>>> print(open('my_file-v3.cif').read())   # mmCIF, C-alpha atoms
data_query
loop_
_atom_site.group_PDB
_atom_site.id
_atom_site.type_symbol
_atom_site.label_atom_id
_atom_site.label_comp_id
_atom_site.auth_asym_id
_atom_site.auth_seq_id
_atom_site.Cartn_x
_atom_site.Cartn_y
_atom_site.Cartn_z
ATOM 1 C CA MET A 1 62.481 70.584 38.357
ATOM 2 C CA SER A 2 61.192 71.799 41.727
ATOM 3 C CA ALA A 3 63.302 71.458 44.873
ATOM 4 C CA MET A 4 63.521 67.975 46.317
ATOM 5 C CA LEU A 5 63.922 66.868 49.919
ATOM 6 C CA GLU A 6 66.094 63.979 51.082
ATOM 7 C CA VAL A 7 64.275 61.960 53.725
ATOM 8 C CA GLN A 8 64.723 58.727 55.619
ATOM 9 C CA VAL A 9 61.996 56.215 56.398
ATOM 10 C CA THR A 10 61.808 56.056 60.196
ATOM 11 C CA ALA A 11 58.691 53.889 60.636
ATOM 12 C CA VAL A 12 56.478 51.568 58.608
ATOM 13 C CA ARG A 13 53.060 50.298 59.762
ATOM 14 C CA GLN A 14 50.873 47.746 58.004
ATOM 15 C CA LEU A 15 47.395 49.112 58.735
ATOM 16 C CA THR A 16 45.427 46.615 56.635
ATOM 17 C CA PRO A 17 46.454 43.926 54.128
ATOM 18 C CA VAL A 18 46.526 46.625 51.402
ATOM 19 C CA VAL A 19 47.281 49.859 53.291
ATOM 20 C CA ARG A 20 50.739 50.680 54.620
ATOM 21 C CA GLU A 21 51.787 53.823 56.484
ATOM 22 C CA PHE A 22 55.236 55.414 56.155
ATOM 23 C CA THR A 23 56.906 58.025 58.369
ATOM 24 C CA PHE A 24 59.639 60.242 56.894
ATOM 25 C CA ALA A 25 62.206 62.410 58.688
ATOM 26 C CA ALA A 26 64.587 64.925 57.143
ATOM 27 C CA LEU A 27 68.174 63.807 56.678
ATOM 28 C CA ASP A 28 69.378 67.335 57.315
ATOM 29 C CA GLY A 29 67.519 69.976 59.310
ATOM 30 C CA SER A 30 63.748 70.181 59.650
ATOM 31 C CA LEU A 31 61.002 69.549 57.146
ATOM 32 C CA PRO A 32 59.103 72.455 55.549
ATOM 33 C CA GLY A 33 55.793 73.348 57.133
ATOM 34 C CA PHE A 34 52.561 72.447 55.369
ATOM 35 C CA SER A 35 48.840 73.128 55.600
ATOM 36 C CA CYS A 36 46.184 70.429 55.946
ATOM 37 C CA GLY A 37 45.191 68.972 52.590
ATOM 38 C CA SER A 38 48.773 69.110 51.282
ATOM 39 C CA HIS A 39 50.487 66.325 49.374
ATOM 40 C CA VAL A 40 54.056 65.455 48.454
ATOM 41 C CA GLN A 41 55.428 63.703 45.407
ATOM 42 C CA VAL A 42 57.537 60.660 46.233
ATOM 43 C CA VAL A 43 60.258 59.795 43.704
ATOM 44 C CA LEU A 44 60.321 56.065 42.967
ATOM 45 C CA PRO A 45 63.017 54.526 40.708
ATOM 46 C CA ILE A 46 61.311 51.518 39.131
ATOM 47 C CA GLU A 47 62.707 49.265 36.401
ATOM 48 C CA GLY A 48 64.564 51.887 34.450
ATOM 49 C CA ARG A 49 61.980 54.640 34.890
ATOM 50 C CA THR A 50 61.237 57.218 37.539
ATOM 51 C CA LEU A 51 57.724 57.633 38.910
ATOM 52 C CA ARG A 52 56.609 60.638 40.943
ATOM 53 C CA ASN A 53 53.515 59.597 42.842
ATOM 54 C CA ALA A 54 51.556 62.101 44.931
ATOM 55 C CA TYR A 55 50.454 61.139 48.441
ATOM 56 C CA SER A 56 48.530 63.209 50.981
ATOM 57 C CA LEU A 57 50.278 64.184 54.189
ATOM 58 C CA LEU A 58 48.231 62.800 57.058
ATOM 59 C CA SER A 59 50.339 64.026 59.970
ATOM 60 C CA ASP A 60 49.508 67.013 62.156
ATOM 61 C CA PRO A 61 50.566 70.212 60.309
ATOM 62 C CA ARG A 62 51.979 71.557 63.564
ATOM 63 C CA ASP A 63 54.497 68.691 63.721
ATOM 64 C CA ARG A 64 57.583 69.735 61.741
ATOM 65 C CA GLY A 65 59.572 66.688 62.824
ATOM 66 C CA THR A 66 58.115 64.077 60.477
ATOM 67 C CA TYR A 67 55.768 63.548 57.540
ATOM 68 C CA ARG A 68 53.387 60.580 57.338
ATOM 69 C CA ILE A 69 51.699 59.110 54.284
ATOM 70 C CA ALA A 70 49.560 55.990 53.776
ATOM 71 C CA VAL A 71 49.649 54.009 50.538
ATOM 72 C CA ARG A 72 47.119 51.519 49.226
ATOM 73 C CA LEU A 73 48.493 48.628 47.176
ATOM 74 C CA GLN A 74 46.713 48.990 43.848
ATOM 75 C CA ASP A 75 45.784 45.970 41.743
ATOM 76 C CA ASP A 76 46.512 47.926 38.569
ATOM 77 C CA SER A 77 49.603 49.648 39.956
ATOM 78 C CA ARG A 78 52.149 51.068 37.505
ATOM 79 C CA GLY A 79 54.665 49.940 40.096
ATOM 80 C CA GLY A 80 54.645 52.796 42.591
ATOM 81 C CA SER A 81 52.419 51.359 45.310
ATOM 82 C CA ARG A 82 53.952 47.905 44.868
ATOM 83 C CA TYR A 83 57.455 49.368 45.214
ATOM 84 C CA LEU A 84 56.502 51.103 48.461
ATOM 85 C CA HIS A 85 54.778 48.031 49.870
ATOM 86 C CA GLU A 86 57.356 45.438 48.883
ATOM 87 C CA ARG A 87 60.711 47.196 48.793
ATOM 88 C CA VAL A 88 60.771 50.240 51.076
ATOM 89 C CA ARG A 89 61.905 49.536 54.630
ATOM 90 C CA VAL A 90 62.859 51.464 57.768
ATOM 91 C CA GLY A 91 66.213 53.162 57.211
ATOM 92 C CA ASP A 92 65.775 53.591 53.462
ATOM 93 C CA ARG A 93 66.346 57.005 51.925
ATOM 94 C CA LEU A 94 63.948 58.596 49.458
ATOM 95 C CA GLN A 95 63.493 61.845 47.596
ATOM 96 C CA ILE A 96 60.230 63.742 47.963
ATOM 97 C CA GLY A 97 58.973 67.058 46.666
ATOM 98 C CA VAL A 98 58.107 69.996 48.872
ATOM 99 C CA PRO A 99 54.474 70.016 50.069
ATOM 100 C CA SER A 100 51.840 71.452 47.741
ATOM 101 C CA ASN A 101 48.177 72.060 48.535
ATOM 102 C CA LEU A 102 45.342 71.724 46.012
ATOM 103 C CA PHE A 103 42.755 70.631 48.616
ATOM 104 C CA ALA A 104 42.771 73.240 51.357
ATOM 105 C CA LEU A 105 40.142 73.936 53.994
ATOM 106 C CA HIS A 106 37.862 76.859 53.205
ATOM 107 C CA SER A 107 38.628 79.517 55.789
ATOM 108 C CA GLN A 108 35.120 81.044 55.793
ATOM 109 C CA ALA A 109 33.132 77.808 56.102
ATOM 110 C CA ARG A 110 30.856 77.619 59.161
ATOM 111 C CA HIS A 111 30.499 73.822 59.023
ATOM 112 C CA HIS A 112 32.726 71.246 57.315
ATOM 113 C CA ILE A 113 31.318 67.982 55.900
ATOM 114 C CA LEU A 114 34.149 65.528 55.172
ATOM 115 C CA VAL A 115 33.434 62.502 52.966
ATOM 116 C CA ALA A 116 36.100 59.823 52.471
ATOM 117 C CA GLY A 117 36.048 56.666 50.389
ATOM 118 C CA GLY A 118 38.689 54.048 51.276
ATOM 119 C CA ILE A 119 42.222 55.443 51.067
ATOM 120 C CA GLY A 120 40.613 58.858 50.526
ATOM 121 C CA ILE A 121 40.672 59.180 54.310
ATOM 122 C CA THR A 122 44.330 60.262 54.235
ATOM 123 C CA PRO A 123 44.010 64.036 53.616
ATOM 124 C CA PHE A 124 41.289 64.229 56.254
ATOM 125 C CA MET A 125 43.634 62.974 58.966
ATOM 126 C CA ALA A 126 45.494 66.296 58.767
ATOM 127 C CA TYR A 127 42.175 68.152 58.377
ATOM 128 C CA LEU A 128 40.952 66.696 61.653
ATOM 129 C CA SER A 129 44.014 67.845 63.561
ATOM 130 C CA GLU A 130 43.439 71.379 62.303
ATOM 131 C CA LEU A 131 39.666 71.404 62.784
ATOM 132 C CA GLN A 132 39.894 70.079 66.327
ATOM 133 C CA ALA A 133 42.605 72.608 67.189
ATOM 134 C CA GLN A 134 40.306 75.384 65.909
ATOM 135 C CA GLY A 135 37.253 74.032 67.731
ATOM 136 C CA ALA A 136 35.493 74.081 64.344
ATOM 137 C CA SER A 137 32.142 72.517 63.489
ATOM 138 C CA PHE A 138 32.560 69.390 61.349
ATOM 139 C CA GLU A 139 31.434 65.830 60.660
ATOM 140 C CA LEU A 140 33.265 62.945 58.989
ATOM 141 C CA HIS A 141 31.656 60.291 56.788
ATOM 142 C CA TYR A 142 33.950 57.348 55.998
ATOM 143 C CA ALA A 143 32.994 54.547 53.575
ATOM 144 C CA TYR A 144 35.270 51.498 53.687
ATOM 145 C CA ARG A 145 35.414 47.708 53.661
ATOM 146 C CA SER A 146 36.447 46.245 57.007
ATOM 147 C CA GLY A 147 39.621 44.203 56.970
ATOM 148 C CA LEU A 148 40.729 45.814 53.723
ATOM 149 C CA THR A 149 40.313 49.591 53.398
ATOM 150 C CA ASP A 150 39.345 50.536 56.963
ATOM 151 C CA ALA A 151 42.643 52.169 57.913
ATOM 152 C CA TYR A 152 42.124 54.481 60.920
ATOM 153 C CA ALA A 153 38.397 53.631 61.239
ATOM 154 C CA SER A 154 38.594 52.393 64.854
ATOM 155 C CA GLU A 155 40.886 55.252 65.853
ATOM 156 C CA LEU A 156 38.574 57.847 64.328
ATOM 157 C CA CYS A 157 35.433 56.379 65.868
ATOM 158 C CA GLU A 158 36.999 56.626 69.324
ATOM 159 C CA ARG A 159 38.523 60.053 68.665
ATOM 160 C CA LEU A 160 35.507 61.794 67.146
ATOM 161 C CA GLY A 161 32.505 60.185 68.793
ATOM 162 C CA GLU A 162 29.214 61.426 67.313
ATOM 163 C CA ARG A 163 31.020 63.430 64.635
ATOM 164 C CA PHE A 164 32.136 60.159 63.011
ATOM 165 C CA ARG A 165 29.913 58.119 60.675
ATOM 166 C CA GLY A 166 31.344 54.864 59.345
ATOM 167 C CA TYR A 167 29.883 52.803 56.496
ATOM 168 C CA ASP A 168 31.258 49.269 56.219
ATOM 169 C CA ALA A 169 30.511 47.746 52.815
ATOM 170 C CA ALA A 170 31.382 44.290 54.170
ATOM 171 C CA ALA A 171 28.473 44.642 56.615
ATOM 172 C CA GLY A 172 26.099 45.916 53.934
ATOM 173 C CA GLN A 173 26.239 49.503 55.165
ATOM 174 C CA ARG A 174 25.936 52.151 52.477
ATOM 175 C CA LEU A 175 26.665 55.844 52.437
ATOM 176 C CA HIS A 176 23.507 57.582 51.214
ATOM 177 C CA CYS A 177 25.001 60.696 49.683
ATOM 178 C CA ALA A 178 21.704 62.583 49.323
ATOM 179 C CA GLU A 179 21.348 62.666 53.115
ATOM 180 C CA LEU A 180 24.577 64.650 53.419
ATOM 181 C CA PHE A 181 22.804 67.744 52.082
ATOM 182 C CA SER A 182 19.795 67.617 54.392
ATOM 183 C CA GLY A 183 19.472 69.969 57.345
ATOM 184 C CA LYS A 184 22.923 71.485 57.059
ATOM 185 C CA PRO A 185 23.537 74.991 58.430
ATOM 186 C CA LEU A 186 24.136 77.941 56.130
ATOM 187 C CA GLY A 187 27.777 78.278 55.222
ATOM 188 C CA SER A 188 28.386 74.517 55.116
ATOM 189 C CA HIS A 189 31.120 73.253 52.788
ATOM 190 C CA LEU A 190 31.546 69.669 51.629
ATOM 191 C CA TYR A 191 34.908 68.021 50.964
ATOM 192 C CA VAL A 192 35.232 64.631 49.274
ATOM 193 C CA CYS A 193 38.183 62.382 48.541
ATOM 194 C CA GLY A 194 37.781 58.927 47.077
ATOM 195 C CA PRO A 195 36.908 57.051 43.891
ATOM 196 C CA GLN A 196 35.626 58.949 40.871
ATOM 197 C CA ARG A 197 32.100 57.543 41.133
ATOM 198 C CA LEU A 198 31.763 59.048 44.617
ATOM 199 C CA LEU A 199 32.980 62.424 43.398
ATOM 200 C CA ASP A 200 30.604 62.360 40.432
ATOM 201 C CA GLU A 201 27.599 61.482 42.589
ATOM 202 C CA LEU A 202 28.291 64.260 45.077
ATOM 203 C CA LYS A 203 28.878 66.840 42.337
ATOM 204 C CA THR A 204 25.515 65.948 40.781
ATOM 205 C CA LEU A 205 23.708 66.060 44.126
ATOM 206 C CA ALA A 206 25.296 69.384 45.087
ATOM 207 C CA GLU A 207 24.010 70.912 41.870
ATOM 208 C CA CYS A 208 20.541 69.435 42.396
ATOM 209 C CA HIS A 209 20.428 70.937 45.908
ATOM 210 C CA GLY A 210 21.437 74.349 44.625
ATOM 211 C CA TRP A 211 24.888 74.385 46.168
ATOM 212 C CA SER A 212 27.297 76.781 44.476
ATOM 213 C CA ALA A 213 30.437 75.256 42.986
ATOM 214 C CA GLY A 214 32.567 77.040 45.573
ATOM 215 C CA ARG A 215 31.030 75.024 48.417
ATOM 216 C CA LEU A 216 32.152 71.645 47.066
ATOM 217 C CA HIS A 217 35.820 70.651 47.228
ATOM 218 C CA TRP A 218 37.277 67.388 46.001
ATOM 219 C CA GLU A 219 40.422 65.380 45.387
ATOM 220 C CA ALA A 220 40.517 62.170 43.368
ATOM 221 C CA PHE A 221 42.620 59.159 44.309
ATOM 222 C CA ALA A 222 43.086 57.673 40.870
ATOM 223 C CA ALA A 223 45.939 57.466 38.409
ATOM 224 C CA PRO A 224 45.107 58.334 34.794
ATOM 225 C CA GLU A 225 44.091 55.426 32.612
ATOM 226 C CA PRO A 226 46.751 54.205 30.155
ATOM 227 C CA GLY A 227 46.469 55.956 26.793
ATOM 228 C CA GLU A 228 47.536 55.183 23.256
ATOM 229 C CA PRO A 229 51.281 55.195 22.508
ATOM 230 C CA PHE A 230 52.428 58.115 20.377
ATOM 231 C CA THR A 231 55.487 59.758 18.849
ATOM 232 C CA VAL A 232 56.652 63.245 19.742
ATOM 233 C CA GLU A 233 59.086 65.416 17.796
ATOM 234 C CA LEU A 234 61.143 67.985 19.685
ATOM 235 C CA ALA A 235 60.901 71.278 17.793
ATOM 236 C CA ARG A 236 64.427 72.548 18.378
ATOM 237 C CA SER A 237 66.456 69.374 17.930
ATOM 238 C CA GLY A 238 64.178 67.445 15.595
ATOM 239 C CA GLN A 239 64.614 64.409 17.855
ATOM 240 C CA ARG A 240 61.708 61.951 17.765
ATOM 241 C CA LEU A 241 60.695 59.969 20.843
ATOM 242 C CA GLN A 242 58.290 57.104 21.338
ATOM 243 C CA VAL A 243 55.978 57.456 24.337
ATOM 244 C CA ALA A 244 54.413 54.233 25.636
ATOM 245 C CA GLY A 245 50.758 54.141 26.612
ATOM 246 C CA ASP A 246 51.538 53.746 30.307
ATOM 247 C CA HIS A 247 54.276 56.415 30.341
ATOM 248 C CA SER A 248 53.981 60.177 30.533
ATOM 249 C CA LEU A 249 55.678 62.541 28.104
ATOM 250 C CA LEU A 250 57.851 63.775 30.980
ATOM 251 C CA GLU A 251 59.046 60.231 31.700
ATOM 252 C CA ALA A 252 59.951 59.706 28.039
ATOM 253 C CA LEU A 253 61.863 62.982 27.910
ATOM 254 C CA GLU A 254 63.813 62.214 31.063
ATOM 255 C CA ALA A 255 64.601 58.677 29.880
ATOM 256 C CA ALA A 256 66.089 60.166 26.703
ATOM 257 C CA GLY A 257 68.278 62.511 28.739
ATOM 258 C CA VAL A 258 66.372 65.667 27.767
ATOM 259 C CA GLU A 259 66.696 68.407 30.381
ATOM 260 C CA VAL A 260 63.229 69.572 31.472
ATOM 261 C CA PRO A 261 62.903 72.580 33.810
#
>>> encode(input="my_file-v3.cif", output="C-alpha cells")
Amino acid sequence: MSAMLEVQVTAVRQLTPVVREFTFAALDGSLPGFSCGSHVQVVLPIEGRTLRNAYSLLSDPRDRGTYRIAVRLQDDSRGGSRYLHERVRVGDRLQIGVPSNLFALHSQARHHILVAGGIGITPFMAYLSELQAQGASFELHYAYRSGLTDAYASELCERLGERFRGYDAAAGQRLHCAELFSGKPLGSHLYVCGPQRLLDELKTLAECHGWSAGRLHWEAFAAPEPGEPFTVELARSGQRLQVAGDHSLLEALEAAGVEVP
C-alpha cells in the first residue's frame, strides 16, 4: 500500500446544501507539495469496510500548509460522501494518500479552456491559482444549479471577470458545448471535469472539429456502477472469497485479512 499521511480537519464549510469543504493540516511536519489537477485518496472506515475515495485538491499548490477538498453529498453514495458530510468534524483525524496527478495542465498550451459541471469545479480551483500566477490565457465555463451545485460561483465571477462564464440550470441557462470550439486560437487545449454525458459530448465535438486527442483533457466525477457479485479463488492459498456487487476486489481481500502490496 502506498504511503499514507495523517491529517487533522482544521476547518469545515457548508458551501451549498449538498457541497461541503474540508481543510486538512498535517499532524506532523508539512504536507507534500502537489501540482494543480492533483487528487488525494481519503480513507473512510464505514460499517466494517474501508473506502478510499479520491477528491481533487482545490487549494493553491504554492500553499504547503493545508490541503482543501470539496465533497458533494451523493444520492447514491456508497457511504463515503455521507460519512464526510454527517460524521467528520473539525478536530477529527483522517488518513489520506499522497497527492497524485492524472489531470495536469498542458505545459505547451497557448490558451486553456476549462469546462466544469457541478462539483467538477474542484480541480479547476487549483488550476486557476496556477494560471493566474503564470499570467496565462484561459477561460472558465461553469455549469451548475444555483442553490445546489453552485459552490464557488459567486467567488469566481468576481475573481475572473470576463474570463468567467456561468450557466445556471435553475435559470434555464445552458452551456452550448459546440460554441466552445469556435474562434479559438491555435494551440488551445480544452479541459473538462463533470458528469459523463458532458465528457462524452465534448469528446464527440472535439473529434468533429478536427481536434487531436492530445488537446482534450478530462476527469470524470463518478463512481463505478455496482456490478454483479462474484467469487474469486486465490491461486496460492486456494482460498475462495465472495465479492459483493458494490464492493471492490481490494475491499474483499482486505476484509479477509489478505495482505495486498
>>> residues_around(input="my_file-v3.cif", residues="stretch 105-113 of chain A", least_positions_apart="3", cutoff="8 Å", atoms="all atoms listed in the file", output="list of chain:residue names")
A:Cys36, A:Gly37, A:Tyr127, A:Ala136, A:Ser137, A:Phe138, A:Glu139, A:Leu140, A:His141, A:Leu180, A:Pro185, A:Leu186, A:Gly187, A:Ser188, A:His189, A:Leu190, A:Tyr191
>>> write_last_selection(input="my_file-v3.cif", atoms="C-alpha atoms", output="PDB file, in the coordinates of the input")
ATOM      1  CA  CYS A  36      46.184  70.429  55.946  1.00  0.00           C
ATOM      2  CA  GLY A  37      45.191  68.972  52.590  1.00  0.00           C
ATOM      3  CA  TYR A 127      42.175  68.152  58.377  1.00  0.00           C
ATOM      4  CA  ALA A 136      35.493  74.081  64.344  1.00  0.00           C
ATOM      5  CA  SER A 137      32.142  72.517  63.489  1.00  0.00           C
ATOM      6  CA  PHE A 138      32.560  69.390  61.349  1.00  0.00           C
ATOM      7  CA  GLU A 139      31.434  65.830  60.660  1.00  0.00           C
ATOM      8  CA  LEU A 140      33.265  62.945  58.989  1.00  0.00           C
ATOM      9  CA  HIS A 141      31.656  60.291  56.788  1.00  0.00           C
ATOM     10  CA  LEU A 180      24.577  64.650  53.419  1.00  0.00           C
ATOM     11  CA  PRO A 185      23.537  74.991  58.430  1.00  0.00           C
ATOM     12  CA  LEU A 186      24.136  77.941  56.130  1.00  0.00           C
ATOM     13  CA  GLY A 187      27.777  78.278  55.222  1.00  0.00           C
ATOM     14  CA  SER A 188      28.386  74.517  55.116  1.00  0.00           C
ATOM     15  CA  HIS A 189      31.120  73.253  52.788  1.00  0.00           C
ATOM     16  CA  LEU A 190      31.546  69.669  51.629  1.00  0.00           C
ATOM     17  CA  TYR A 191      34.908  68.021  50.964  1.00  0.00           C
TER      18      TYR A 191
END
>>> residues_around(input="my_file-v3.cif", residues="A:Leu102", least_positions_apart="4", cutoff="9 Å", atoms="all atoms listed in the file", output="PDB file with C-alpha atoms, in the coordinates of the input")
ATOM      1  CA  GLY A  37      45.191  68.972  52.590  1.00  0.00           C
ATOM      2  CA  SER A  38      48.773  69.110  51.282  1.00  0.00           C
ATOM      3  CA  HIS A  39      50.487  66.325  49.374  1.00  0.00           C
ATOM      4  CA  GLU A 219      40.422  65.380  45.387  1.00  0.00           C
TER       5      GLU A 219
END
>>> residues_around(input="my_file-v3.cif", residues="A:Val192", least_positions_apart="6", cutoff="7 Å", atoms="all atoms listed in the file", output="list in words")
Leu114, Val115, Ala116, Leu199, His217, Trp218 and Glu219 of chain A
>>> resolve_selection(input="my_file-v3.cif", expression="the PyMOL selection byres ((chain A and resi 51) around 9)", output="mmCIF file with C-alpha atoms, in the coordinates of the input")
data_model
loop_
_atom_site.group_PDB
_atom_site.id
_atom_site.type_symbol
_atom_site.label_atom_id
_atom_site.label_comp_id
_atom_site.auth_asym_id
_atom_site.auth_seq_id
_atom_site.Cartn_x
_atom_site.Cartn_y
_atom_site.Cartn_z
ATOM 1 C CA VAL A 42 57.537 60.660 46.233
ATOM 2 C CA VAL A 43 60.258 59.795 43.704
ATOM 3 C CA LEU A 44 60.321 56.065 42.967
ATOM 4 C CA PRO A 45 63.017 54.526 40.708
ATOM 5 C CA ILE A 46 61.311 51.518 39.131
ATOM 6 C CA ARG A 49 61.980 54.640 34.890
ATOM 7 C CA THR A 50 61.237 57.218 37.539
ATOM 8 C CA ARG A 52 56.609 60.638 40.943
ATOM 9 C CA ASN A 53 53.515 59.597 42.842
ATOM 10 C CA ARG A 78 52.149 51.068 37.505
ATOM 11 C CA GLY A 79 54.665 49.940 40.096
ATOM 12 C CA GLY A 80 54.645 52.796 42.591
ATOM 13 C CA GLU A 251 59.046 60.231 31.700
#
>>> residues_near_point(input="my_file-v3.cif", point="(49.2, 73.6, 57.1)", cutoff="7 Å", atoms="only C-alpha atoms", output="list in words")
Gly33, Phe34, Ser35, Cys36 and Pro61 of chain A
>>> resolve_selection(input="my_file-v3.cif", expression="the PyMOL selection byres ((chain A and resi 21) around 9)", output="ChimeraX atom specification")
/A:11-15,19-20,22-23,68-72
>>> resolve_selection(input="my_file-v3.cif", expression="the PyMOL selection byres ((chain A and resi 194) around 10)", output="ChimeraX atom specification")
/A:115-122,142-143,192-193,195-199,218-222
>>> residues_around(input="my_file-v3.cif", residues="A:Leu31", least_positions_apart="5", cutoff="7 Å", atoms="only C-alpha atoms", output="PDB file with C-alpha atoms, in the frame of the given file")
ATOM      1  CA  ALA A  26      64.587  64.925  57.143  1.00  0.00           C
ATOM      2  CA  ARG A  64      57.583  69.735  61.741  1.00  0.00           C
ATOM      3  CA  GLY A  65      59.572  66.688  62.824  1.00  0.00           C
TER       4      GLY A  65
END
